[in-house]
Amino acid sequence: MAQIIAFSGHRFPSTEKLGESEMLGFLSFLKQKLHIFFSTESAGKYHLSNIAGFVCGGQIGFDLAAQQFAIEVGLPLHICLPYSYDLFTERWDSNKFRQILLQHMDYATDITIVDAEPYYKTKYGLPVGQYHVSKLQWRNQYMIDNSDATVFYLNPASQKGGTYNALRYCKKVGKPWQNIYTEYKP
């Protein structure tokens, strides 16, 4: 049976933000890792021939690389944003990455604005369309709940942050996962 794979990973290769050109290099590195991971025989159930589509969170870093990978291999892409595109990207330093996300959204077969989903509106009672840090975690939980497995790019030394919380949630609900982290050295 073909699987839906979610992605969750670091925005930056370290605690320091990168400039636009360095970030593009990091995205290229991540896409190459994904191509290798999903195309080798050792990928097993994660081989591209066993994948029906991907669920991604739209964030700068691993999410954008995973979305571009989905486009390059021609598989369906479901993008999940925690709240509206404008609110989600308003703190981004780079218009280039906003444009990349818009291009990915044009390709996507489905787009979900998680804070507008009835389950989250009624369970947590936060206003739709307003920033709240919890909504980033809701987005991650939504992606895990709506996929068969999750591929992470998570530094094993990291014990905090959204990607780490997503891995904890994945384990809590018993979903399969794989971490493809290797240190990035530009």
# chains A, B, ... in the order shown; residues from 1 in each chain; ligands from 1
call {"tool": "residues_around", "arguments": {"residues": "Ile111 in chain A", "least_positions_apart": "6", "cutoff": "8 Å", "atoms": "only C-alpha atoms", "output": "ChimeraX atom specification"}}
result
/A:78-81,105
call {"tool": "residues_around", "arguments": {"residues": "Ile60 in chain A", "least_positions_apart": "5", "cutoff": "9 Å", "atoms": "only C-alpha atoms", "output": "count of residues only"}}
result
10
call {"tool": "select_by_dssp", "arguments": {"residues": "chain A", "states": "strand (DSSP E or B)", "output": "PyMOL selection string"}}
result
chain A and resi 3-9+51-56+77-81+110-113+149-153+177-179
call {"tool": "write_last_selection", "arguments": {"atoms": "N, CA, C and O atoms", "output": "short mmCIF file (atom, residue, chain, number, x, y, z; two decimals), in the first residue's frame"}}
result
data_model
loop_
_atom_site.label_atom_id
_atom_site.label_comp_id
_atom_site.auth_asym_id
_atom_site.auth_seq_id
_atom_site.Cartn_x
_atom_site.Cartn_y
_atom_site.Cartn_z
N GLN A 3 2.11 4.97 0.71
CA GLN A 3 2.05 5.75 1.95
C GLN A 3 2.07 7.25 1.70
O GLN A 3 2.64 7.71 0.72
N ILE A 4 1.48 7.97 2.64
CA ILE A 4 1.61 9.42 2.70
C ILE A 4 2.69 9.71 3.75
O ILE A 4 2.61 9.22 4.88
N ILE A 5 3.69 10.50 3.37
CA ILE A 5 4.81 10.81 4.25
C ILE A 5 4.77 12.28 4.63
O ILE A 5 4.67 13.15 3.77
N ALA A 6 4.87 12.55 5.93
CA ALA A 6 5.00 13.92 6.44
C ALA A 6 6.47 14.23 6.65
O ALA A 6 7.30 13.33 6.78
N PHE A 7 6.78 15.51 6.68
CA PHE A 7 8.15 15.96 6.92
C PHE A 7 8.17 16.96 8.06
O PHE A 7 7.27 17.80 8.18
N SER A 8 9.22 16.89 8.87
CA SER A 8 9.44 17.89 9.90
C SER A 8 10.94 18.01 10.11
O SER A 8 11.64 17.00 10.20
N GLY A 9 11.43 19.26 10.16
CA GLY A 9 12.87 19.41 10.32
C GLY A 9 13.28 20.81 10.66
O GLY A 9 12.47 21.74 10.66
N ILE A 51 5.39 5.43 -2.26
CA ILE A 51 4.89 6.70 -1.73
C ILE A 51 3.75 7.23 -2.60
O ILE A 51 3.87 7.31 -3.82
N ALA A 52 2.66 7.62 -1.95
CA ALA A 52 1.50 8.19 -2.66
C ALA A 52 1.51 9.71 -2.65
O ALA A 52 0.86 10.34 -3.48
N GLY A 53 2.23 10.31 -1.70
CA GLY A 53 2.27 11.76 -1.61
C GLY A 53 2.96 12.21 -0.34
O GLY A 53 3.36 11.39 0.50
N PHE A 54 3.08 13.53 -0.21
CA PHE A 54 3.81 14.13 0.90
C PHE A 54 2.98 15.22 1.57
O PHE A 54 2.20 15.90 0.91
N VAL A 55 3.19 15.37 2.87
CA VAL A 55 2.57 16.43 3.66
C VAL A 55 3.69 17.27 4.25
O VAL A 55 4.56 16.74 4.93
N CYS A 56 3.66 18.58 3.98
CA CYS A 56 4.73 19.47 4.42
C CYS A 56 4.15 20.71 5.10
O CYS A 56 3.02 21.10 4.83
N LEU A 77 1.40 16.87 -3.32
CA LEU A 77 1.91 17.63 -2.19
C LEU A 77 0.75 18.30 -1.47
O LEU A 77 -0.05 19.01 -2.07
N HIS A 78 0.67 18.05 -0.17
CA HIS A 78 -0.32 18.67 0.70
C HIS A 78 0.45 19.61 1.62
O HIS A 78 1.31 19.16 2.38
N ILE A 79 0.18 20.90 1.53
CA ILE A 79 0.85 21.89 2.37
C ILE A 79 -0.08 22.28 3.51
O ILE A 79 -1.26 22.59 3.29
N CYS A 80 0.46 22.25 4.72
CA CYS A 80 -0.30 22.60 5.92
C CYS A 80 0.34 23.81 6.57
O CYS A 80 1.48 23.73 7.03
N LEU A 81 -0.38 24.91 6.61
CA LEU A 81 0.11 26.10 7.29
C LEU A 81 -0.63 26.24 8.62
O LEU A 81 -1.81 25.90 8.71
N ASP A 110 -3.37 20.01 -2.29
CA ASP A 110 -4.23 20.36 -1.17
C ASP A 110 -3.48 21.33 -0.26
O ASP A 110 -2.27 21.20 -0.07
N ILE A 111 -4.19 22.29 0.28
CA ILE A 111 -3.63 23.25 1.24
C ILE A 111 -4.59 23.31 2.43
O ILE A 111 -5.79 23.49 2.25
N THR A 112 -4.04 23.14 3.62
CA THR A 112 -4.85 23.21 4.84
C THR A 112 -4.33 24.34 5.71
O THR A 112 -3.13 24.43 5.97
N ILE A 113 -5.23 25.19 6.14
CA ILE A 113 -4.92 26.21 7.15
C ILE A 113 -5.43 25.62 8.47
O ILE A 113 -6.63 25.59 8.73
N ALA A 149 3.61 7.99 7.97
CA ALA A 149 4.93 8.01 8.61
C ALA A 149 5.49 9.42 8.45
O ALA A 149 5.02 10.20 7.62
N THR A 150 6.53 9.72 9.24
CA THR A 150 7.16 11.04 9.18
C THR A 150 8.66 10.89 9.01
O THR A 150 9.28 10.06 9.68
N VAL A 151 9.22 11.70 8.10
CA VAL A 151 10.66 11.78 7.93
C VAL A 151 11.13 13.08 8.56
O VAL A 151 10.62 14.15 8.24
N PHE A 152 12.07 12.96 9.49
CA PHE A 152 12.60 14.10 10.23
C PHE A 152 14.01 14.44 9.77
O PHE A 152 14.77 13.56 9.35
N TYR A 153 14.34 15.72 9.89
CA TYR A 153 15.73 16.18 9.82
C TYR A 153 15.96 16.87 11.15
O TYR A 153 15.71 18.06 11.32
N TRP A 177 8.55 6.57 12.04
CA TRP A 177 9.33 7.76 11.71
C TRP A 177 10.75 7.34 11.36
O TRP A 177 11.20 6.27 11.72
N GLN A 178 11.42 8.25 10.68
CA GLN A 178 12.81 8.06 10.29
C GLN A 178 13.51 9.41 10.38
O GLN A 178 12.98 10.41 9.90
N ASN A 179 14.70 9.44 10.96
CA ASN A 179 15.48 10.67 11.03
C ASN A 179 16.63 10.56 10.04
O ASN A 179 17.42 9.61 10.12
#
call {"tool": "atom_distance", "arguments": {"atom1": "CA of Phe37 in chain A", "atom2": "CA of Ile180 in chain A"}}
result
7.8 Å
call {"tool": "closest_residue", "arguments": {"among": "A:Ser39, A:Ser49, A:Asn165, A:Thr122", "to": "Ser134 in chain A", "atoms": "only C-alpha atoms"}}
result
A:Asn165
call {"tool": "select_by_dssp", "arguments": {"residues": "range 12-168 of chain A", "states": "alpha helix (DSSP H)", "output": "PyMOL selection string"}}
result
chain A and resi 20-39+62-73+85-89+95-107+118-124+134-145+162-168
call {"tool": "atom_distance", "arguments": {"atom1": "CA of Tyr120 in chain A", "atom2": "CA of Asn95 in chain A"}}
result
29.7 Å
